[in-house]
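Shown next, in structure tokens, is the structure this report addresses.
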Amino acid sequence: MGYKGALYKLKGLYKFGDITSKIRGKVFINKRGQIRVGKNLSIVGHPWAVQITSTKGANLVIGDHVYINAGVGIAANKEIVIGDNVKIGPRTSIFDSNYHRMDSTDKGELCKKITIGNNVWIGADCTILPGVTIGDNSVIAAKSTVNKDIPNNVLVGGSPAKLIRELIIEDGWVRD
Ligand SMILES: CC(C)(COP(=O)(O)OP(=O)(O)OC[C@H]1O[C@@H](n2cnc3c(N)ncnc32)[C@H](O)[C@@H]1OP(=O)(O)O)[C@@H](O)C(=O)NCCC(=O)NCCS
């Protein structure tokens with residue numbers, strides 16, 4: 001879907017931001033559930049398409065001034081909440097469902113809410129797994145797999161992601 005199609009679909013959402021939102025390249029939006037988008041959303045759908053899904057009964061919330069880079073996949077099967085001023089690096093996946101059971105005894109919940117705080121930077125090629133909360137201002141280094149909650153104001157990296165160091169974040173500082 002090109003710019004016009006994506007913009008058309010996004011405009012049909014419950015809340016769409018202002019006219020400054022920039023959507024470029026290919027963006028596939030599969031909206032069966034709810035999607036709410038804040039103002040000044042940027043999506044770069046080239047050279048890799050971006051896919052944003054909210055399945056029936058699911059809830060996807062994207063805050064203000066969020067930047068979604070090429071090849072990102074976001075799929076809400078239950079609930080994904082992305083805060084304000086969040087940057088999501090190329091080819092990162094944020095899926096709140098495992099989709100498949102491990103074996104015949106696996107009766108666990110497939111879908112678990114993902115929460116990404118304000119001012120978070122997620123690097124390229126990261127995977128954010130179901131059930132995870134990432135705290136405000138934290139940074140996820142490139143190629144990380146986040147399988148546990150991440151506190152506020154830290155740099156984490158690796159697969160699974162581990163603490164690298166704490167970050168110094170002054171009051172009111174916004175990631176550019
Ligand atoms: C995290 C990052 C910003 C570097 O931060 P930094 O503070 O300069 O970190 P350093 O290079 O000094 O490394 C600090 C430690 O983190 C480790 N580290 C850095 N990047 C890492 C990564 N992606 N995965 C795992 N560990 C990583 C280093 O090996 C080092 O460990 P050590 O102290 O045991 O040697 C950078 O490595 C990164 O991942 N950038 C993301 C780039 C990207 O995805 N851009 C796309 C556009 S959104």
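Letters A, B, ... mark the chains of the structure tokens in the order given; residue numbers begin at 1 per chain; ligand numbers begin at 1, in order shown.
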
Around ligand 1, at most 7 Å away and counting only C-alpha atoms and all ligand atoms, which residues are there? Put them as an MDAnalysis selection string, please. chainID A and resid 87:90 122:124 141:144 155 157:158 164

Can you pull out the residues contacting Ile150 in chain A? Cut-off 10 Å, using only C-alpha atoms, and skip same-chain residues under 2 positions away; I want them as a VMD selection string. chain A and resid 116 to 117 132 to 136 138 to 140 146 to 148 152 to 156 161 to 163

Mind writing the picked residues with N, CA and C atoms as a PDB file, in the first residue's frame?
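For reference, selection-v4.pdb as written:
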```pdb
ATOM      1  N   ILE A 116       5.616  -0.191  25.901  1.00  0.00           N
ATOM      2  CA  ILE A 116       6.880   0.502  25.620  1.00  0.00           C
ATOM      3  C   ILE A 116       6.714   1.933  26.114  1.00  0.00           C
ATOM      4  N   GLY A 117       7.579   2.332  27.032  1.00  0.00           N
ATOM      5  CA  GLY A 117       7.438   3.640  27.685  1.00  0.00           C
ATOM      6  C   GLY A 117       7.749   4.800  26.757  1.00  0.00           C
ATOM      7  N   VAL A 132       6.304  -8.132  27.648  1.00  0.00           N
ATOM      8  CA  VAL A 132       7.409  -7.302  28.112  1.00  0.00           C
ATOM      9  C   VAL A 132       6.964  -5.849  28.316  1.00  0.00           C
ATOM     10  N   THR A 133       7.543  -5.208  29.351  1.00  0.00           N
ATOM     11  CA  THR A 133       7.407  -3.758  29.540  1.00  0.00           C
ATOM     12  C   THR A 133       8.787  -3.144  29.453  1.00  0.00           C
ATOM     13  N   ILE A 134       8.938  -2.118  28.632  1.00  0.00           N
ATOM     14  CA  ILE A 134      10.211  -1.391  28.522  1.00  0.00           C
ATOM     15  C   ILE A 134       9.994  -0.019  29.162  1.00  0.00           C
ATOM     16  N   GLY A 135      10.834   0.303  30.141  1.00  0.00           N
ATOM     17  CA  GLY A 135      10.646   1.542  30.902  1.00  0.00           C
ATOM     18  C   GLY A 135      11.005   2.783  30.108  1.00  0.00           C
ATOM     19  N   ASP A 136      10.542   3.924  30.608  1.00  0.00           N
ATOM     20  CA  ASP A 136      10.772   5.221  29.953  1.00  0.00           C
ATOM     21  C   ASP A 136      12.268   5.466  29.732  1.00  0.00           C
ATOM     22  N   SER A 138      14.581   4.224  28.064  1.00  0.00           N
ATOM     23  CA  SER A 138      15.582   3.166  27.905  1.00  0.00           C
ATOM     24  C   SER A 138      15.925   2.940  26.435  1.00  0.00           C
ATOM     25  N   VAL A 139      17.110   2.338  26.222  1.00  0.00           N
ATOM     26  CA  VAL A 139      17.606   2.080  24.871  1.00  0.00           C
ATOM     27  C   VAL A 139      17.848   0.583  24.729  1.00  0.00           C
ATOM     28  N   ILE A 140      17.360   0.034  23.630  1.00  0.00           N
ATOM     29  CA  ILE A 140      17.561  -1.376  23.314  1.00  0.00           C
ATOM     30  C   ILE A 140      18.574  -1.418  22.180  1.00  0.00           C
ATOM     31  N   VAL A 146      14.303  -8.871  23.569  1.00  0.00           N
ATOM     32  CA  VAL A 146      13.845  -8.453  24.899  1.00  0.00           C
ATOM     33  C   VAL A 146      12.795  -9.452  25.372  1.00  0.00           C
ATOM     34  N   ASN A 147      13.159 -10.231  26.383  1.00  0.00           N
ATOM     35  CA  ASN A 147      12.233 -11.248  26.891  1.00  0.00           C
ATOM     36  C   ASN A 147      11.830 -11.018  28.341  1.00  0.00           C
ATOM     37  N   LYS A 148      12.366  -9.933  28.939  1.00  0.00           N
ATOM     38  CA  LYS A 148      12.014  -9.609  30.333  1.00  0.00           C
ATOM     39  C   LYS A 148      11.785  -8.107  30.428  1.00  0.00           C
ATOM     40  N   ASN A 152      13.320   1.757  33.712  1.00  0.00           N
ATOM     41  CA  ASN A 152      13.533   3.081  33.099  1.00  0.00           C
ATOM     42  C   ASN A 152      15.031   3.371  32.992  1.00  0.00           C
ATOM     43  N   ASN A 153      15.405   4.200  32.027  1.00  0.00           N
ATOM     44  CA  ASN A 153      16.722   4.853  31.986  1.00  0.00           C
ATOM     45  C   ASN A 153      17.903   3.879  31.947  1.00  0.00           C
ATOM     46  N   VAL A 154      17.816   2.842  31.141  1.00  0.00           N
ATOM     47  CA  VAL A 154      18.958   1.927  31.007  1.00  0.00           C
ATOM     48  C   VAL A 154      19.222   1.612  29.538  1.00  0.00           C
ATOM     49  N   LEU A 155      20.479   1.234  29.269  1.00  0.00           N
ATOM     50  CA  LEU A 155      20.846   0.652  27.968  1.00  0.00           C
ATOM     51  C   LEU A 155      20.954  -0.847  28.179  1.00  0.00           C
ATOM     52  N   VAL A 156      20.223  -1.608  27.355  1.00  0.00           N
ATOM     53  CA  VAL A 156      20.326  -3.071  27.415  1.00  0.00           C
ATOM     54  C   VAL A 156      20.701  -3.570  26.024  1.00  0.00           C
ATOM     55  N   ALA A 161      18.329  -9.747  26.106  1.00  0.00           N
ATOM     56  CA  ALA A 161      18.907  -8.441  26.447  1.00  0.00           C
ATOM     57  C   ALA A 161      19.280  -8.368  27.921  1.00  0.00           C
ATOM     58  N   LYS A 162      20.486  -7.876  28.181  1.00  0.00           N
ATOM     59  CA  LYS A 162      20.995  -7.701  29.564  1.00  0.00           C
ATOM     60  C   LYS A 162      21.393  -6.248  29.768  1.00  0.00           C
ATOM     61  N   LEU A 163      21.445  -5.848  31.017  1.00  0.00           N
ATOM     62  CA  LEU A 163      21.833  -4.480  31.344  1.00  0.00           C
ATOM     63  C   LEU A 163      23.258  -4.201  30.882  1.00  0.00           C
TER      64      LEU A 163
END
```

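By only C-alpha atoms, and with residues fewer than 5 positions from His46 in chain A along its chain excluded, the set lying at most 12 Å from it is Met1, Gly2, Tyr3, Ile23, Arg24, Gly25, Lys26, Val27, Phe28, Gln51, Ile68, Asn69, Ala70, Gly71, Val72, Pro90 and Arg91 of chain A.
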
Which one of A:Ser104, A:Thr115, A:Asn98, A:Ser42 sits closest to Leu60 in chain A if you count only C-alpha atoms?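 Distance minimum relative to Leu60 in chain A lands on A:Thr115.
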
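In the backbone-derived DSSP annotation, strand (DSSP E) within range 67-107 of chain A comprises Tyr67, Ile68, Gly73, Ile74, Ala75, Ala76, Glu79, Ile80, Val81, Ile82, Lys87, Ile88, Ser93, Ile94 and Phe95 of chain A.
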
With a distance cut-off of 10 Å and only C-alpha atoms, select the neighbouring residues of Gln34 in chain A, excluding the residue or stretch itself and same-chain residues fewer than 4 positions from it, and output the selection as a ChimeraX atom specification. /A:13-14,53-61,76,79
